[in-house]
Amino acid sequence: MKQMLGSEYDTFEACMHGRHLKGIRINTLKYSVQNADRLGLPIRSCPFSESGFYLESDEPGIGNSPWHHAGAFYSQEPSAMSAVTVLDPQPGEKVLDLCAAPGGKSTQIAALLQGKGLLWSNEYVRRRAQILLSNVERMGIRNCVVSSAHPDRLGEGLAGFFDRVLVDAPCSGEGMFRRDPQAVTDWSPEHSAACAVRQLAILDSAAKCLREGGVLVYSTCTFSFRENEDVITAFLDSHPEFSLEDSGVAFGRTGYDRSEKYDLTLTRRIFPMDGGEGHFAARLRKNGDSSGTEFFDSRNDKKRDEEKRAYELFGECFRTEPYGEIRRIGDSLYILPERMPEVKGMGILRGGVLLGESMKNRIEPSHALFMAAQAEECRSAVSLNPDSRELAAFLHGEEIPIDGSLKGYAAVACGGTVTGFGKCSGGRLKNRYPKGLRTL
């Protein structure tokens, strides 16, 4: 770091002994940035995302906030928001997040897509993929496929399919040193070298998934030349169909000019003295002009009786039409994204929104179905004050008293933002909040 930073090293070292930065990002699928001050959190704007904020508090337990349960915000290190800002996804596009867990960047992409197009979020490690799925569900994302597949498999099965691909690659984690002592313990030169080899392999798979003319963003949370500028150089050497382009952002600083062939100052770096824990991002374009591969399945208008019942259940719960085709897979019924490709062997954990589970003679609606809804879309909704005893009781898994005129399934909202649902009967709401999410 002394060699890299020169006269700035003393400032860097002082920062590394200081307080690490925390942040939140408003989930604009469910909440408005203009209302950020109503969350009751000490925040100020950060430069890495229009919906991002620094959290100016060291108090633990932000995950217990009812607004967090409702998916109004995502806790995220501020500079980690930079990669998606560089990616710049647009509504209607098909976007792949290849190394997506725990979900910060995927949920940021989803908010920018505004429910239009398709997001494919992949995590190779199955346990981490389940965490990713939980966060996608909490943030109310309708148009996402979550998978747990090796990048090579996606490169083979989804060749040329995506308009934009993000590779937030596993790295040596030097940008995590200030907030995670384990990251310091895990670091070694050998580990960094091994990361660089793996990063190049992942980029090879990502390149296959991208259409001609598409954008690929590579990012890490480390400072290493070997894992950043040198990886980009090696990738461009082996992929002449790609070119490096300007990141399009002003935050942070330029990357280091370590190549005679490529202008690596087009990449972007963030150090602690730039207002973040540490990040690197490079934006690349796949040369050519193509609309991409389209291989959507043919929709079948003949619905099985149970699928017809699912449409009826949706109509009982919501004032709107379903936002995709409802299909039974196993004992579950899903609302599939409109642009989901018909593919097999991709380790898909979920496509779209879980509508419910097939029970004997009925369908039990899911928590995910209501989390993907706005309160005004629901036929019945119980809106509770964020600080109320009733909402605290609901999040704890208890029944709560309600207006006796309410019948059937109803959303429960935190200050107008849906955070779950229950079934109304006799002036009581029978709780359907998942046990694994309940507060202690």
# chains A, B, ... in the order shown; residues from 1 in each chain; ligands from 1
call {"tool": "select_by_dssp", "arguments": {"residues": "stretch 200-266 of chain A", "states": "strand (DSSP E or B)", "output": "count of residues only"}}
result
17
call {"tool": "residues_around", "arguments": {"residues": "stretch 340-349 of chain A", "least_positions_apart": "4", "cutoff": "12 Å", "atoms": "only C-alpha atoms", "output": "VMD selection string"}}
result
chain A and resid 93 to 95 116 to 134 136 142 to 159 161 to 162 293 to 299 324 to 325 329 332 334 to 336 353 to 354
call {"tool": "select_by_dssp", "arguments": {"residues": "stretch 303-403 of chain A", "states": "alpha helix (DSSP H)", "output": "list in words"}}
result
Asp305, Glu306, Glu307, Lys308, Arg309, Ala310, Tyr311, Glu312, Leu313, Phe314, Gly315, Glu316, Cys317, His367, Ala368, Leu369, Phe370, Met371, Arg389, Glu390, Leu391, Ala392, Ala393, Phe394 and Leu395 of chain A
call {"tool": "residues_around", "arguments": {"residues": "A:Gly248", "least_positions_apart": "6", "cutoff": "12 Å", "atoms": "only C-alpha atoms", "output": "list in words"}}
result
Phe48, Ser82, Ala83, Val84, Thr85, Val86, Leu87, Asp88, Thr254, Leu266, Thr267, Arg268, Ala281, Ala282, Arg283 and Leu284 of chain A
call {"tool": "residues_around", "arguments": {"residues": "A:Asp237", "least_positions_apart": "6", "cutoff": "10 Å", "atoms": "only C-alpha atoms", "output": "number ranges by chain"}}
result
A: 231, 261-262
call {"tool": "closest_residue", "arguments": {"among": "A:Ile202, A:His279, A:Ala234, A:Gly288", "to": "A:Leu264", "atoms": "only C-alpha atoms"}}
result
A:Ala234
call {"tool": "residues_around", "arguments": {"residues": "A:Ser65", "least_positions_apart": "4", "cutoff": "9 Å", "atoms": "only C-alpha atoms", "output": "ChimeraX atom specification"}}
result
/A:39,61,69-70,386
call {"tool": "closest_residue", "arguments": {"among": "A:Glu77, A:Glu260, A:Asp204, A:Glu377", "to": "A:Gly275", "atoms": "only C-alpha atoms"}}
result
A:Glu77
call {"tool": "atom_distance", "arguments": {"atom1": "atom CA of A:Thr320", "atom2": "atom CA of A:Ser380"}}
result
12.7 Å
